[in-house]
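Below: data.txt (compact mmCIF, C-alpha atoms)
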# COMPACT_ATOMS: atom_id res chain seq x y z
CA MET A 1 81.50 152.68 124.55
CA ALA A 2 81.23 151.60 128.18
CA SER A 3 81.20 147.91 127.37
CA ALA A 4 84.53 148.05 125.44
CA PRO A 5 86.81 146.92 128.30
CA PHE A 6 84.46 144.02 129.08
CA LYS A 7 84.38 143.03 125.42
CA ALA A 8 88.18 143.04 125.40
CA GLN A 9 88.27 140.88 128.53
CA LEU A 10 85.79 138.44 126.99
CA THR A 11 87.80 138.20 123.78
CA ASP A 12 90.97 137.50 125.79
CA LEU A 13 89.22 134.87 127.89
CA LEU A 14 87.81 133.06 124.87
CA ASN A 15 91.11 133.22 122.99
CA SER A 16 92.93 131.66 125.93
CA MET A 17 90.26 128.97 126.29
CA PHE A 18 90.71 128.02 122.62
CA ALA A 19 94.51 128.19 122.87
CA MET A 20 94.54 125.89 125.91
CA ASP A 21 92.07 123.44 124.36
CA PHE A 22 89.37 124.09 126.92
CA LEU A 23 87.22 124.76 123.88
CA ASP A 24 87.37 123.58 120.27
CA GLU A 25 85.78 124.31 116.87
CA GLN A 26 82.38 123.07 118.02
CA PHE A 27 82.14 126.06 120.39
CA LYS A 28 82.75 128.36 117.42
CA GLU A 29 79.76 126.74 115.69
CA LEU A 30 77.67 127.54 118.76
CA GLN A 31 78.89 131.15 118.69
CA MET A 32 77.76 131.41 115.06
CA LEU A 33 74.37 129.96 116.00
CA GLU A 34 74.01 132.60 118.70
CA GLU A 35 74.87 135.32 116.19
CA ALA A 36 72.14 134.01 113.91
CA SER A 37 69.48 133.36 116.53
CA GLY A 38 70.06 136.18 119.02
CA PRO A 39 71.47 136.29 122.59
CA GLY A 40 70.62 133.65 125.13
CA PHE A 41 71.45 130.46 123.26
CA LEU A 42 75.04 130.15 124.53
CA THR A 43 73.96 130.91 128.08
CA GLU A 44 71.28 128.21 127.88
CA VAL A 45 73.60 125.57 126.42
CA VAL A 46 76.47 126.30 128.81
CA THR A 47 74.11 126.27 131.79
CA LEU A 48 72.50 123.00 130.66
CA PHE A 49 75.90 121.41 130.13
CA CYS A 50 77.26 122.47 133.54
CA GLY A 51 74.16 121.16 135.32
CA ASP A 52 74.21 117.82 133.51
CA ALA A 53 77.99 117.36 133.88
CA GLU A 54 77.81 118.04 137.61
CA ARG A 55 75.01 115.47 137.95
CA ILE A 56 76.88 112.83 135.94
CA ILE A 57 80.13 113.37 137.86
CA SER A 58 78.27 112.91 141.18
CA GLN A 59 76.67 109.74 139.85
CA LEU A 60 80.05 108.39 138.74
CA ASP A 61 81.43 109.11 142.20
CA ALA A 62 78.58 107.16 143.81
CA LEU A 63 78.95 104.25 141.34
CA LEU A 64 82.70 103.96 141.94
CA ASN A 65 82.18 103.93 145.70
CA GLU A 66 80.02 100.80 145.51
CA PRO A 67 81.70 97.63 146.84
CA ALA A 68 80.94 95.90 143.51
CA VAL A 69 81.29 98.45 140.72
CA ASP A 70 78.78 98.23 137.88
CA PHE A 71 81.11 99.09 135.02
CA GLY A 72 78.23 99.01 132.55
CA LYS A 73 76.52 101.90 134.35
CA VAL A 74 79.83 103.73 134.72
CA ASP A 75 80.41 103.39 130.96
CA ALA A 76 76.90 104.61 130.13
CA ASN A 77 77.41 107.73 132.27
CA VAL A 78 80.83 108.49 130.81
CA HIS A 79 79.39 107.96 127.35
CA GLN A 80 76.73 110.57 128.03
CA LEU A 81 79.28 113.02 129.41
CA LYS A 82 81.39 112.52 126.30
CA GLY A 83 78.36 113.31 124.16
CA SER A 84 77.35 116.46 125.99
CA SER A 85 80.91 117.79 126.36
CA SER A 86 81.64 117.31 122.67
CA SER A 87 78.31 118.96 121.74
CA VAL A 88 79.36 122.07 123.62
CA GLY A 89 82.98 122.03 122.42
CA ALA A 90 84.48 121.16 125.84
CA LYS A 91 87.53 119.50 124.33
CA ARG A 92 89.59 118.66 127.41
CA VAL A 93 86.62 117.13 129.23
CA ALA A 94 85.72 115.07 126.14
CA LEU A 95 89.31 113.80 125.85
CA VAL A 96 89.38 112.61 129.46
CA CYS A 97 86.07 110.83 128.81
CA ILE A 98 87.79 108.79 126.09
CA LYS A 99 90.55 107.76 128.55
CA PHE A 100 87.88 106.96 131.11
CA ARG A 101 85.97 104.68 128.74
CA ASN A 102 89.15 102.77 127.94
CA VAL A 103 89.91 101.94 131.59
CA CYS A 104 86.26 101.26 132.24
CA GLN A 105 86.13 98.71 129.44
CA GLU A 106 89.01 96.91 131.19
CA ASN A 107 87.03 96.91 134.47
CA ASP A 108 89.95 98.79 136.03
CA LYS A 109 88.51 100.37 139.19
CA GLU A 110 91.67 102.26 140.16
CA GLY A 111 92.02 103.58 136.63
CA CYS A 112 88.38 104.75 136.72
CA ILE A 113 88.86 106.55 140.02
CA ALA A 114 91.92 108.33 138.65
CA ALA A 115 90.05 109.27 135.46
CA LEU A 116 87.16 110.61 137.52
CA HIS A 117 89.55 112.85 139.50
CA GLU A 118 90.88 114.18 136.22
CA ILE A 119 87.39 114.83 134.85
CA ARG A 120 86.41 116.61 138.06
CA HIS A 121 89.52 118.79 137.79
CA GLU A 122 89.00 119.62 134.10
CA PHE A 123 85.30 120.30 134.57
CA ASP A 124 85.88 122.58 137.59
CA GLU A 125 88.43 124.62 135.62
CA LEU A 126 86.08 124.87 132.66
CA ARG A 127 83.08 125.78 134.76
CA LYS A 128 84.94 128.67 136.40
CA LYS A 129 85.85 130.02 132.98
CA PHE A 130 82.28 129.58 131.70
CA GLN A 131 80.98 131.47 134.75
CA THR A 132 83.35 134.35 134.03
CA MET A 133 82.33 134.27 130.38
CA LEU A 134 78.62 134.46 131.22
CA GLN A 135 79.18 137.28 133.74
CA LEU A 136 81.11 139.30 131.17
CA GLU A 137 78.41 138.70 128.54
CA GLN A 138 75.75 139.86 130.96
CA GLN A 139 77.71 143.01 131.79
CA ILE A 140 78.21 143.75 128.10
CA GLN A 141 74.52 143.26 127.36
CA ASP A 142 73.49 145.45 130.28
CA LEU A 143 75.79 148.26 129.21
CA ASP A 144 74.97 148.02 125.52
CA SER A 145 71.25 148.14 126.12
CA LYS A 146 71.44 151.46 128.03
CA MET B 1 50.19 109.27 97.55
CA ALA B 2 53.43 111.03 98.46
CA ASN B 3 53.19 114.76 98.96
CA LEU B 4 56.11 116.27 97.08
CA THR B 5 55.06 119.92 97.30
CA ILE B 6 57.47 120.10 100.24
CA GLU B 7 60.11 120.94 97.62
CA ASP B 8 58.55 124.35 96.91
CA ASN B 9 59.73 125.90 100.14
CA PHE B 10 62.36 123.32 101.04
CA PRO B 11 63.47 122.85 103.77
CA ALA B 12 61.01 125.11 105.59
CA GLY B 13 58.06 123.14 106.80
CA ILE B 14 59.84 119.82 107.15
CA ARG B 15 58.85 118.55 110.57
CA VAL B 16 61.61 116.82 112.53
CA LEU B 17 61.31 114.82 115.74
CA VAL B 18 64.63 114.75 117.61
CA ILE B 19 65.08 112.15 120.34
CA ASP B 20 68.08 112.31 122.70
CA ASP B 21 68.30 111.78 126.46
CA ASP B 22 71.27 114.19 126.60
CA ARG B 23 69.67 117.62 127.02
CA THR B 24 72.78 119.56 126.02
CA SER B 25 73.22 117.71 122.77
CA LEU B 26 69.46 117.89 122.12
CA HIS B 27 69.43 121.66 122.59
CA VAL B 28 72.37 122.16 120.22
CA VAL B 29 71.01 119.89 117.48
CA CYS B 30 67.55 121.47 117.67
CA MET B 31 68.93 124.99 117.47
CA MET B 32 71.00 124.03 114.43
CA LEU B 33 67.95 122.46 112.74
CA GLU B 34 65.81 125.51 113.46
CA SER B 35 68.48 127.77 112.02
CA CYS B 36 68.20 125.72 108.80
CA GLY B 37 64.45 126.30 108.66
CA TYR B 38 63.15 122.96 109.96
CA LYS B 39 60.21 122.73 112.35
CA VAL B 40 61.61 120.90 115.35
CA THR B 41 60.06 118.91 118.19
CA LYS B 42 62.29 117.70 121.04
CA CYS B 43 61.98 114.53 123.05
CA THR B 44 64.23 113.02 125.69
CA SER B 45 62.91 109.45 125.68
CA GLY B 46 62.75 106.74 123.05
CA LYS B 47 59.44 105.40 124.40
CA GLU B 48 57.81 108.84 124.45
CA GLY B 49 59.16 109.54 120.99
CA LEU B 50 57.60 106.34 119.67
CA GLU B 51 54.22 107.30 121.16
CA MET B 52 54.44 110.67 119.44
CA LEU B 53 55.28 108.97 116.15
CA ARG B 54 52.30 106.64 116.52
CA GLN B 55 50.03 109.68 116.32
CA GLU B 56 50.12 109.74 112.56
CA GLY B 57 50.99 112.55 110.26
CA GLN B 58 52.95 114.73 112.66
CA PHE B 59 56.48 114.30 111.43
CA ASP B 60 58.41 113.94 108.19
CA ILE B 61 61.66 112.57 109.64
CA VAL B 62 63.09 111.31 112.93
CA LEU B 63 66.57 111.94 114.34
CA THR B 64 67.44 109.64 117.18
CA ASP B 65 70.40 109.15 119.46
CA VAL B 66 71.64 105.57 119.69
CA HIS B 67 72.44 105.17 123.40
CA MET B 68 69.39 105.96 125.53
CA PRO B 69 68.37 104.32 128.80
CA ASP B 70 64.74 103.33 128.15
CA MET B 71 64.80 102.36 124.47
CA ASP B 72 67.89 102.58 122.35
CA GLY B 73 68.03 103.97 118.84
CA PHE B 74 68.22 100.55 117.19
CA GLN B 75 65.03 99.40 118.93
CA LEU B 76 63.30 102.61 117.91
CA LEU B 77 64.50 102.11 114.35
CA GLU B 78 63.01 98.63 114.31
CA HIS B 79 59.63 99.86 115.57
CA VAL B 80 59.52 102.70 113.08
CA GLY B 81 60.42 100.31 110.27
CA LEU B 82 57.62 97.91 111.26
CA GLU B 83 54.89 100.39 112.12
CA MET B 84 55.46 103.55 110.10
CA ASP B 85 56.71 104.93 106.86
CA LEU B 86 59.32 107.46 108.00
CA PRO B 87 63.01 108.08 107.35
CA VAL B 88 65.23 107.72 110.44
CA VAL B 89 68.64 109.30 110.95
CA MET B 90 70.79 108.01 113.78
CA LEU B 91 73.06 110.18 115.92
CA SER B 92 75.83 108.97 118.12
CA VAL B 93 79.07 109.94 119.77
CA ASP B 94 80.07 106.35 119.05
CA SER B 95 81.72 106.12 115.67
CA SER B 96 82.42 102.38 115.81
CA HIS B 97 82.17 100.83 112.38
CA GLU B 98 79.95 98.00 113.58
CA ASN B 99 77.31 100.36 114.96
CA VAL B 100 77.28 102.45 111.81
CA VAL B 101 76.84 99.34 109.67
CA LYS B 102 74.19 97.98 112.05
CA GLY B 103 72.21 101.20 111.79
CA LEU B 104 72.36 101.37 108.03
CA LYS B 105 71.57 97.64 107.63
CA HIS B 106 68.50 98.05 109.84
CA GLY B 107 67.14 100.77 107.63
CA ALA B 108 68.51 104.07 108.95
CA CYS B 109 68.93 106.46 106.05
CA ASP B 110 71.97 108.05 107.66
CA TYR B 111 74.23 107.78 110.71
CA LEU B 112 75.78 111.02 111.98
CA ILE B 113 78.61 111.22 114.47
CA LYS B 114 78.41 113.78 117.28
CA PRO B 115 79.23 116.58 117.51
CA VAL B 116 77.12 117.06 114.40
CA GLN B 117 77.87 119.99 112.12
CA ARG B 118 75.14 122.30 110.94
CA GLU B 119 76.00 121.46 107.31
CA GLU B 120 75.21 117.79 107.94
CA LEU B 121 71.86 118.63 109.52
CA GLU B 122 70.97 120.99 106.71
CA LYS B 123 70.93 118.02 104.33
CA ILE B 124 68.52 115.78 106.21
CA GLY B 125 65.58 117.24 104.30
CA GLU B 126 66.99 115.52 101.22
CA HIS B 127 66.38 112.18 102.95
CA VAL B 128 62.68 113.06 103.19
CA ILE B 129 62.47 113.66 99.44
CA THR B 130 64.46 110.52 98.59
CA TRP B 131 62.40 108.42 101.00
CA ARG B 132 59.09 109.62 99.59
CA ARG B 133 60.20 109.09 96.02
CA ALA B 134 61.37 105.57 96.85
CA ASN B 135 58.12 104.71 98.62
CA ALA B 136 55.87 106.35 96.04
CA GLY B 137 57.29 103.90 93.53
CA ILE B 138 55.91 100.97 95.52
CA PHE B 139 52.36 102.10 94.95
CA ASP B 140 52.67 102.83 91.22
CA ASP B 141 50.90 100.42 88.92

Mind converting the file's structure to structure tokens?
Amino acid sequence: MASAPFKAQLTDLLNSMFAMDFLDEQFKELQMLEEASGPGFLTEVVTLFCGDAERIISQLDALLNEPAVDFGKVDANVHQLKGSSSSVGAKRVALVCIKFRNVCQENDKEGCIAALHEIRHEFDELRKKFQTMLQLEQQIQDLDSK
Amino acid sequence: MANLTIEDNFPAGIRVLVIDDDRTSLHVVCMMLESCGYKVTKCTSGKEGLEMLRQEGQFDIVLTDVHMPDMDGFQLLEHVGLEMDLPVVMLSVDSSHENVVKGLKHGACDYLIKPVQREELEKIGEHVITWRRANAGIFDD
């Protein structure tokens, strides 16, 4: 079957993402939901998450560049990112959000800036892997439907 | 007064309104509920959700996130308690004991911590039955 090598690549990618804690058990729940409901769900959720995370990270950047930082707004944004990342199983991003909320609650601007750098780094890594995952899934679907 | 025929094809037909300003979480929760057989309506704002609830007879249960910008889950819970006869389940990524207790004290029939598992959502239909039984009793003579 023409899609076999792509399926193997996808399996390897996902296994490494789980092994390195990019993803956790919640993602497996989403995979099961896709199996039950048909293709498209994972693509939609991952795409939604990446769009929202990018928007929140930009907002956090703007908030932390203000001369007087509104830590309440920073906290609300990090809280939302924590919610969406844990809904999608993005473990490493969710963990940095917890660190971020701790420094934010202490009104520690330097700590927040450092946490934001870390979130940006983790999210960029995750997004690249998600993009590869979606490309592989598309290739598999295209080949399997021929 | 209470319509208990819902039990015949439980949980299919139970109409859920889900309110969450986080679109990712909303999408996941709604997909899980649909996979359990619930009829789901999504909403990203507490105020809009309340307006929808004020149009009577559309929903059997409400799931609401706690932290939302325009109207938080506790405020929504208060309005629903005052104006309508509907069970409310709260959802939050915040598992702090005080918020859980606050929700339950203010009349929420459950408080689920995100990320919510499908098994937890499957059971919310039971809250509809329990709620209706409890409220039917009030009108018995």

Long-range neighbours of range 40-43 of chain A as an MDAnalysis selection string, 7 Å cut-off, all atoms listed in the file, 6 positions minimum in chain: chainID A and resid 30 34 134

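Excluding Leu63 in chain A and any residue on its chain fewer than 5 positions from it, the residues at most 12 Å away by only C-alpha atoms are Ile56, Ile57, Ser58, Ala68, Val69, Asp70, Phe71, Gly72, Lys73, Val74, Asp75, Ala76, Asn77, Val78, Lys109, Cys112, Ile113 and Leu116 of chain A.
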
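Selected on chain A by distance to chain B: Leu48, Phe49, Gly83, Ser84, Ser86 and Ser87 of chain A (within 6 Å, counting all atoms listed in the file).
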
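CA of Asp20 in chain B lies 26.5 Å from CA of Asp21 in chain A.
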
Can you report as JSON the centre and edge lengths in Å, to one decimal, of an axis-aligned box around the listed atoms of range 79-95 of chain A padded with 6 Å on each side?
{"center_x": 83.2, "center_y": 115.0, "center_z": 125.6, "size_x": 24.9, "size_y": 26.1, "size_z": 19.7}

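Candidate residues B:Cys36, B:Ala12, B:Leu91, B:Leu53 were compared for distance to Ala36 in chain A, and the nearest is B:Cys36, using only C-alpha atoms.
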
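Nearest to Val66 in chain B of all the residues A:Arg127, A:Gln80, A:Cys104, A:Val45 is A:Gln80, counting all atoms listed in the file.
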
Do a neighbour search on Glu110 in chain A at 12 Å with only C-alpha atoms, toss out local chain neighbours closer than 4 positions, and write the hits as a tab-separated table (two decimals) with C-alpha atoms, keeping the file's coordinate frame.
chain	number	residue	atom	x	y	z
A	64	LEU	CA	82.70	103.96	141.94
A	65	ASN	CA	82.18	103.93	145.70
A	69	VAL	CA	81.29	98.45	140.72
A	100	PHE	CA	87.88	106.96	131.11
A	103	VAL	CA	89.91	101.94	131.59
A	104	CYS	CA	86.26	101.26	132.24
A	106	GLU	CA	89.01	96.91	131.19
A	114	ALA	CA	91.92	108.33	138.65
A	115	ALA	CA	90.05	109.27	135.46
A	116	LEU	CA	87.16	110.61	137.52
A	117	HIS	CA	89.55	112.85	139.50

- prompt: Nearest to Gly125 in chain B: which of B:Cys109, B:Lys42, B:Gln55, B:Gln75 is it, counting only C-alpha atoms?
  reply: B:Cys109

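Counting from CA of Asp60 in chain B, the distance to CA of Glu35 in chain A is 28.1 Å.
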
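Here CA of Cys43 in chain B stands at a distance of 10.8 Å from CA of Val16 in chain B.
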
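With only C-alpha atoms as the basis for measurement, A:Lys129 is the residue among A:Pro39, A:Lys129, A:Leu95, A:Asn102 that approaches Asn15 in chain A most closely.
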
- prompt: Quick one: of B:Gly13, B:Met71, B:Glu98, B:His106, who's nearest to Gln58 in chain B, counting only C-alpha atoms?
  reply: B:Gly13

task: Please identify all polymer residues within 7 Å of Glu122 in chain A, counting all atoms listed in the file, omitting same-chain residues fewer than 4 positions from it, and present them as a list in words.
output: Arg92, Val93, Glu118 and Leu126 of chain A

- request: Excluding Ala2 in chain A and any residue of its chain fewer than 3 positions from it, enumerate the residues within 8 Å of it, using only C-alpha atoms, and give them as a list of chain:residue names.
  value: A:Pro5, A:Leu143, A:Asp144
